[in-house]
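Q: Okay, so here is work33.cif, and as you'll see once you scroll down, it has mmCIF, C-alpha atoms.
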```
data_model
loop_
_atom_site.label_atom_id
_atom_site.label_comp_id
_atom_site.auth_asym_id
_atom_site.auth_seq_id
_atom_site.Cartn_x
_atom_site.Cartn_y
_atom_site.Cartn_z
CA MET A 1 0.00 0.00 0.00
CA ASP A 2 1.33 3.42 -0.93
CA LYS A 3 2.26 5.78 1.85
CA VAL A 4 -0.43 8.46 2.15
CA GLU A 5 1.58 10.92 4.15
CA ALA A 6 4.91 11.15 5.90
CA ALA A 7 6.61 13.14 8.59
CA GLY A 8 9.69 15.17 7.82
CA GLU A 9 12.74 15.56 9.98
CA ASP A 10 10.98 18.25 12.00
CA GLY A 11 7.98 16.01 12.64
CA GLN A 12 5.59 18.03 10.46
CA ARG A 13 3.25 16.40 7.98
CA GLU A 14 4.47 15.91 4.43
CA PHE A 15 2.45 15.45 1.24
CA ARG A 16 2.91 13.97 -2.17
CA VAL A 17 2.04 16.28 -5.04
CA GLU A 18 -1.52 14.95 -5.41
CA GLU A 19 -2.12 15.21 -1.65
CA LEU A 20 -0.77 18.75 -1.50
CA ALA A 21 -2.95 19.85 -4.41
CA LYS A 22 -6.03 18.35 -2.73
CA ALA A 23 -5.20 20.03 0.61
CA ALA A 24 -4.74 23.38 -1.15
CA GLU A 25 -7.92 22.86 -3.22
CA ILE A 26 -6.13 23.25 -6.54
CA THR A 27 -5.29 20.89 -9.38
CA THR A 28 -1.95 19.13 -9.70
CA ARG A 29 -1.53 20.94 -13.00
CA THR A 30 -1.88 24.30 -11.23
CA LEU A 31 0.58 23.20 -8.56
CA ARG A 32 3.17 22.23 -11.16
CA PHE A 33 2.57 25.55 -12.94
CA TYR A 34 3.34 27.38 -9.69
CA ARG A 35 6.54 25.34 -9.39
CA GLU A 36 7.54 26.33 -12.94
CA ARG A 37 6.89 29.99 -12.12
CA LYS A 38 9.05 29.57 -8.98
CA LEU A 39 6.12 30.51 -6.77
CA LEU A 40 6.64 27.37 -4.72
CA GLN A 41 9.83 26.38 -2.96
CA PRO A 42 11.44 23.04 -4.07
CA PRO A 43 10.20 19.87 -2.36
CA ARG A 44 12.25 17.43 -0.32
CA ARG A 45 13.42 14.56 -2.48
CA GLU A 46 13.43 10.95 -1.35
CA GLY A 47 14.57 8.99 -4.34
CA ARG A 48 12.04 9.67 -7.08
CA ILE A 49 9.39 10.86 -4.62
CA ALA A 50 8.92 14.58 -3.96
CA TRP A 51 7.65 15.42 -0.49
CA TYR A 52 6.00 18.76 0.27
CA GLY A 53 5.57 20.15 3.76
CA GLU A 54 3.32 22.48 5.74
CA ALA A 55 5.34 25.45 4.46
CA HIS A 56 4.37 24.56 0.90
CA LEU A 57 0.71 24.34 1.85
CA ALA A 58 0.93 27.71 3.62
CA ARG A 59 2.55 29.20 0.50
CA LEU A 60 -0.24 27.87 -1.73
CA ARG A 61 -2.90 29.28 0.58
CA MET A 62 -1.06 32.61 0.60
CA ILE A 63 -0.99 32.64 -3.21
CA ALA A 64 -4.74 31.93 -3.30
CA GLU A 65 -5.38 34.81 -0.91
CA LEU A 66 -3.25 37.21 -2.95
CA LEU A 67 -5.03 36.19 -6.15
CA GLU A 68 -8.38 36.76 -4.45
CA ARG A 69 -7.21 40.25 -3.46
CA GLY A 70 -6.53 41.06 -7.10
CA HIS A 71 -2.78 40.49 -7.32
CA THR A 72 -1.42 38.99 -10.53
CA LEU A 73 0.80 35.93 -10.64
CA GLY A 74 3.57 38.14 -11.97
CA GLY A 75 3.26 40.48 -9.01
CA ILE A 76 3.19 37.55 -6.58
CA ALA A 77 6.30 36.11 -8.22
CA GLU A 78 8.11 39.43 -7.82
CA LEU A 79 7.12 39.60 -4.17
CA ILE A 80 8.32 36.07 -3.47
CA GLY A 81 11.38 36.47 -5.68
CA ALA A 82 12.46 39.54 -3.75
CA GLY A 83 13.68 37.25 -1.02
CA GLU A 84 10.65 37.41 1.26
CA SER A 85 10.02 34.29 3.32
CA GLY A 86 6.58 32.73 3.46
CA ARG A 87 6.07 34.21 6.92
CA ASP A 88 7.12 37.69 5.78
CA VAL A 89 4.75 37.58 2.81
CA ALA A 90 1.93 36.50 5.11
CA GLU A 91 2.79 39.44 7.37
CA LEU A 92 2.62 41.77 4.37
CA ILE A 93 -0.84 40.42 3.60
CA GLY A 94 -1.84 41.23 7.16
CA LEU A 95 -0.44 44.75 6.82
CA GLU A 96 -2.35 45.24 3.58
CA ALA A 97 -5.56 44.09 5.27
CA ALA A 98 -5.00 46.53 8.15
CA LEU A 99 -4.38 49.42 5.75
CA ILE A 100 -7.06 48.94 3.13
CA GLY A 101 -9.69 47.05 5.11
CA PRO A 102 -12.95 48.92 5.77
CA TRP A 103 -12.64 51.65 8.38
CA SER A 104 -16.39 51.96 8.67
CA ASP A 105 -18.80 49.50 10.21
CA GLU A 106 -21.78 50.79 8.26
CA THR A 107 -24.44 48.39 7.02
CA PRO A 108 -26.39 49.08 3.82
CA VAL A 109 -30.17 49.33 3.79
CA HIS A 110 -32.65 48.79 0.96
CA LEU A 111 -35.79 50.91 0.70
CA GLY A 112 -38.60 50.40 -1.80
CA TRP A 113 -40.11 53.27 -3.75
CA ASP A 114 -43.36 53.11 -1.79
CA GLU A 115 -41.51 53.32 1.51
CA LEU A 116 -39.39 56.22 0.26
CA LYS A 117 -42.47 58.05 -0.99
CA ALA A 118 -44.20 57.58 2.36
CA THR A 119 -41.12 58.85 4.21
CA LEU A 120 -39.98 61.70 1.96
CA GLY A 121 -43.19 62.66 0.20
CA ASP A 122 -42.83 65.22 -2.59
CA GLN A 123 -39.17 65.71 -1.68
CA LEU A 124 -38.38 62.44 -3.45
CA THR A 125 -37.46 64.27 -6.64
CA GLU A 126 -35.19 63.42 -9.55
CA GLU A 127 -32.85 66.24 -8.48
CA ASN A 128 -32.47 64.93 -4.93
CA THR A 129 -32.04 61.37 -6.16
CA ALA A 130 -29.35 62.52 -8.60
CA GLU A 131 -27.54 64.39 -5.81
CA SER A 132 -27.59 61.29 -3.60
CA LEU A 133 -26.16 59.29 -6.50
CA ALA A 134 -23.46 61.89 -7.11
CA GLN A 135 -22.39 61.74 -3.47
CA GLY A 136 -22.03 57.97 -3.76
CA PHE A 137 -24.54 57.11 -1.06
CA ILE A 138 -27.15 55.22 -3.06
CA THR A 139 -27.58 52.88 -5.96
CA VAL A 140 -30.89 52.97 -7.80
CA GLU A 141 -32.66 49.74 -8.62
CA GLU A 142 -35.97 48.92 -10.25
CA ASP A 143 -37.74 48.35 -6.93
CA GLY A 144 -36.09 51.14 -4.93
CA ILE A 145 -32.69 52.25 -3.69
CA THR A 146 -29.90 50.80 -1.58
CA HIS A 147 -28.14 53.25 0.77
CA VAL A 148 -24.57 52.44 1.87
CA SER A 149 -25.29 53.39 5.50
CA ARG A 150 -28.37 52.63 7.53
CA ARG A 151 -27.28 55.22 10.11
CA LEU A 152 -26.94 57.99 7.54
CA MET A 153 -30.25 57.07 5.94
CA ASP A 154 -31.98 57.07 9.33
CA ALA A 155 -30.43 60.45 10.16
CA THR A 156 -31.54 61.87 6.79
CA THR A 157 -35.15 60.77 7.20
CA ALA A 158 -35.18 62.00 10.81
CA LEU A 159 -33.99 65.47 9.74
CA VAL A 160 -36.62 65.59 7.02
CA ALA A 161 -39.26 64.57 9.59
CA GLU A 162 -38.12 67.52 11.75
CA GLY A 163 -38.85 69.89 8.86
CA VAL A 164 -35.44 70.23 7.20
CA PRO A 165 -35.83 70.04 3.39
CA LEU A 166 -34.12 67.05 1.83
CA ALA A 167 -32.20 69.30 -0.57
CA VAL A 168 -30.75 71.17 2.43
CA VAL A 169 -29.79 67.90 4.13
CA LEU A 170 -28.03 66.76 0.96
CA GLU A 171 -26.18 70.08 0.64
CA ALA A 172 -25.00 69.75 4.25
CA SER A 173 -23.94 66.19 3.45
CA ARG A 174 -21.94 67.33 0.42
CA ARG A 175 -20.14 70.01 2.41
CA THR A 176 -19.49 67.57 5.26
CA GLN A 177 -17.97 65.09 2.82
CA GLU A 178 -15.49 67.73 1.68
CA HIS A 179 -14.36 68.38 5.25
CA VAL A 180 -14.15 64.74 6.35
CA THR A 181 -12.14 63.95 3.21
CA ALA A 182 -9.67 66.63 4.29
CA ILE A 183 -9.53 65.06 7.77
CA ALA A 184 -8.92 61.64 6.21
CA ASP A 185 -6.09 63.15 4.16
CA ILE A 186 -4.46 64.40 7.38
CA PHE A 187 -4.49 60.99 9.04
CA THR A 188 -3.43 59.24 5.81
CA SER A 189 -0.42 61.55 5.58
CA LEU A 190 0.40 60.92 9.25
CA VAL A 191 0.45 57.15 8.75
CA ARG A 192 2.33 57.36 5.43
CA GLU A 193 5.04 59.74 6.64
CA HIS A 194 5.62 58.47 10.17
CA LEU A 195 4.87 54.74 9.98
CA LEU A 196 5.07 53.42 6.44
CA GLY A 197 8.21 55.10 5.17
CA ALA A 198 10.00 51.75 5.04
CA LEU A 199 7.54 50.48 2.42
CA ALA A 200 8.68 53.15 -0.03
CA VAL A 201 12.30 51.96 0.18
CA ASP A 202 13.39 49.56 -2.53
CA HIS A 203 14.52 46.68 -0.31
CA PRO A 204 12.80 43.93 1.70
CA LEU A 205 11.48 44.81 5.13
CA PRO A 206 13.48 43.44 8.07
CA PRO A 207 12.03 40.25 9.57
CA GLY A 208 8.98 40.99 11.68
CA GLU A 209 8.71 44.60 10.53
CA ALA A 210 5.47 44.07 8.59
CA ALA A 211 3.86 42.46 11.65
CA LYS A 212 5.04 45.37 13.81
CA LEU A 213 3.57 47.90 11.36
CA THR A 214 0.30 45.98 11.26
CA GLU A 215 -0.01 46.20 15.05
CA GLN A 216 0.71 49.93 14.94
CA VAL A 217 -1.87 50.57 12.22
CA LEU A 218 -4.50 48.57 14.10
CA ARG A 219 -3.82 50.64 17.23
CA ILE A 220 -4.00 53.92 15.32
CA ARG A 221 -7.25 53.18 13.46
CA PRO A 222 -9.54 53.69 16.49
CA LEU A 223 -7.41 56.63 17.65
CA ALA A 224 -8.14 58.47 14.41
CA ARG A 225 -11.88 58.11 15.00
CA THR A 226 -11.50 59.15 18.65
CA VAL A 227 -9.59 62.31 17.75
CA THR A 228 -12.11 63.20 15.03
CA ASP A 229 -15.12 62.61 17.30
CA ALA A 230 -13.59 64.62 20.15
CA GLN A 231 -12.54 67.50 17.89
CA PHE A 232 -15.99 67.66 16.31
CA ALA A 233 -17.72 67.71 19.73
CA LEU A 234 -15.42 70.47 20.98
CA ALA A 235 -15.95 72.46 17.78
CA MET A 236 -19.72 72.14 18.21
CA ASP A 237 -19.40 73.42 21.79
CA ARG A 238 -17.50 76.48 20.58
CA ARG A 239 -19.82 77.19 17.66
CA VAL A 240 -23.07 76.68 19.58
CA HIS A 241 -21.91 78.92 22.44
CA ALA A 242 -20.79 81.58 19.98
CA GLU A 243 -24.10 81.44 18.10
CA TYR A 244 -26.09 81.56 21.33
CA ASP A 245 -24.09 84.53 22.63
CA ALA A 246 -24.63 86.32 19.31
CA LEU A 247 -28.38 85.63 19.53
CA LEU A 248 -28.53 86.99 23.08
CA ARG A 249 -26.67 90.15 22.04
CA GLN A 250 -29.04 90.63 19.10
CA ARG A 251 -32.10 90.29 21.37
CA MET A 252 -30.66 92.73 23.91
CA GLU A 253 -29.90 95.26 21.16
CA GLN A 254 -33.43 94.91 19.81
CA GLN A 255 -34.88 95.42 23.28
CA GLU A 256 -32.72 98.50 23.86
CA ASP A 257 -33.76 99.95 20.50
CA GLY A 258 -37.39 99.26 21.29
CA GLY A 259 -37.13 100.64 24.77
#
```
Please go through the file and, once you have read it, give me the structure as structure tokens.
A:
Amino acid sequence: MDKVEAAGEDGQREFRVEELAKAAEITTRTLRFYRERKLLQPPRREGRIAWYGEAHLARLRMIAELLERGHTLGGIAELIGAGESGRDVAELIGLEAALIGPWSDETPVHLGWDELKATLGDQLTEENTAESLAQGFITVEEDGITHVSRRLMDATTALVAEGVPLAVVLEASRRTQEHVTAIADIFTSLVREHLLGALAVDHPLPPGEAAKLTEQVLRIRPLARTVTDAQFALAMDRRVHAEYDALLRQRMEQQEDGG
């Protein structure tokens, strides 16, 4: 009976080519193609039998993840060929996920045309719909719209219910987007200039550096939201007090003029 699996010198499981392909959920033809492209490290030879280890399986899973993220085989080959170990490449994947993963936790919401009409009434116009599309908040479908954020949609309908015209809400939204984009630019520059400078240098990162950067980015992500929330609340305090003081002065002046 053929040996199904073996243990290498380090005690880890080893696979024949067919077993490795099955474990990685690819064909043996694809596996051999990866070998030809030097995407996979050479196997251990025992006579005519090639034995692959856990490191090979981890590499194949890493390749699958990179392909799913949109990387090309050529780009993956360059990354691996640059001298990065399997662990370092996996750490780079983790850093990429920390950097470009969603910063928001918004959930989309679908609303039918009847529901929108009941909520927004005659303010559900082509102009307002076009403005919402332009701001990137909605997609229009045959049976209604899908909004990217349930919270923003709820806030919009609540403001309209309080008597604020939808067009005014959308104008405030457009202006807010401009300011929050500027805030995002500030934090993006901070991370790029003070944390990720090593990525712009044309040489491999030192061992463990990608993992260290990932931890830093993950710690900074909530800090950026905390700073923004706190700054906005403080700015509202200043502006509301200033507006209220101005209103009081105006009323006092009117009373003096009338008296």
Q: How many Å separate CA of Ala77 (chain A) from CA of Val191 (chain A)?
A: 27.7 Å
Q: Quick one: which region 37-121 of chain A residues come within 6 Å of region 204-222 of chain A, and what is the nearest atom pair for each with the distance in Å to one decimal, counting only C-alpha atoms, rows ordered by chain and ascending number, as CSV?
A:
```
residue,atom,partner,partner_atom,distance
A:Glu91,CA,A:Ala211,CA,5.3
A:Leu92,CA,A:Ala210,CA,5.6
A:Leu95,CA,A:Thr214,CA,4.7
```
Q: Quick one: apply the PyMOL selection byres ((chain A and resi 187) around 12) to the file and drop the selected residues here as a VMD selection string.
A: chain A and resid 180 to 186 188 to 195 217 220 to 225 227 to 228
Q: Would you kindly return, as a PyMOL selection string, each protein, DNA or RNA residue with an atom no farther than 10 Å from any atom of Glu25 (chain A), considering all atoms listed in the file and excluding same-chain residues fewer than 6 positions away?
A: chain A and resi 19+60-61+64
Q: Just checking: using all atoms listed in the file, which residue out of A:Ala172, A:Val160, A:Leu20, A:Ala230 ends up closest to Asp122 (chain A)?
A: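 Closest candidate: A:Val160.
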Q: Interatomic distance between CA of Val240 (chain A) and CA of Met153 (chain A)?
A: 24.9 Å
Q: Go ahead and compute the interatomic distance for CA of Thr129 (chain A) and CA of Asp105 (chain A), in Å to one decimal.
A: 24.2 Å
Q: I would like the residues chosen by the PyMOL selection byres ((chain A and resi 116) around 12) on the shown file; could you give them as a list in words?
A: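 Evaluating the PyMOL selection byres ((chain A and resi 116) around 12) on this file yields His110, Leu111, Gly112, Trp113, Asp114, Glu115, Lys117, Ala118, Thr119, Leu120, Gly121, Asp122, Gln123, Leu124, Thr125, Thr129, Asp143, Gly144, Ile145, Thr146, His147, Met153, Asp154, Thr156, Thr157 and Val160 of chain A.
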Q: Fewer than 4 positions away in the same chain doesn't count, so skip those; otherwise give me all residues within 12 Å of Leu73 (chain A), counting all atoms listed in the file, as a list in words.
A: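 Those residues are Thr30, Phe33, Tyr34, Glu36, Arg37, Lys38, Leu39, Leu40, Met62, Ile63, Ala64, Glu65, Leu66, Leu67, Glu68, Arg69, Ala77, Glu78, Leu79, Ile80 and Gly81 of chain A.
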Q: I'd like the contact shell of region 48-57 of chain A - 6 Å cut-off, all atoms listed in the file, skipping same-chain residues fewer than 3 positions apart - returned as a ChimeraX atom specification.
A: /A:14-16,43-45,60
Q: Return as AutoDock Vina command-line options the centre and edge lengths, in Å with one decimal, of the box along x, y and z that encloses every atom of region 133-152 of chain A in the file, padded by 3 Å per side.
A:
```
--center_x -29.9 --center_y 55.1 --center_z -0.1 --size_x 21.7 --size_y 19.5 --size_z 26.4
```
Q: Taking into account all atoms listed in the file, which residue in the set A:Phe137, A:Arg150, A:Ser132, A:Arg59 is nearest to Val168 (chain A)?
A: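 The answer is A:Ser132, which sits nearest to Val168 (chain A).
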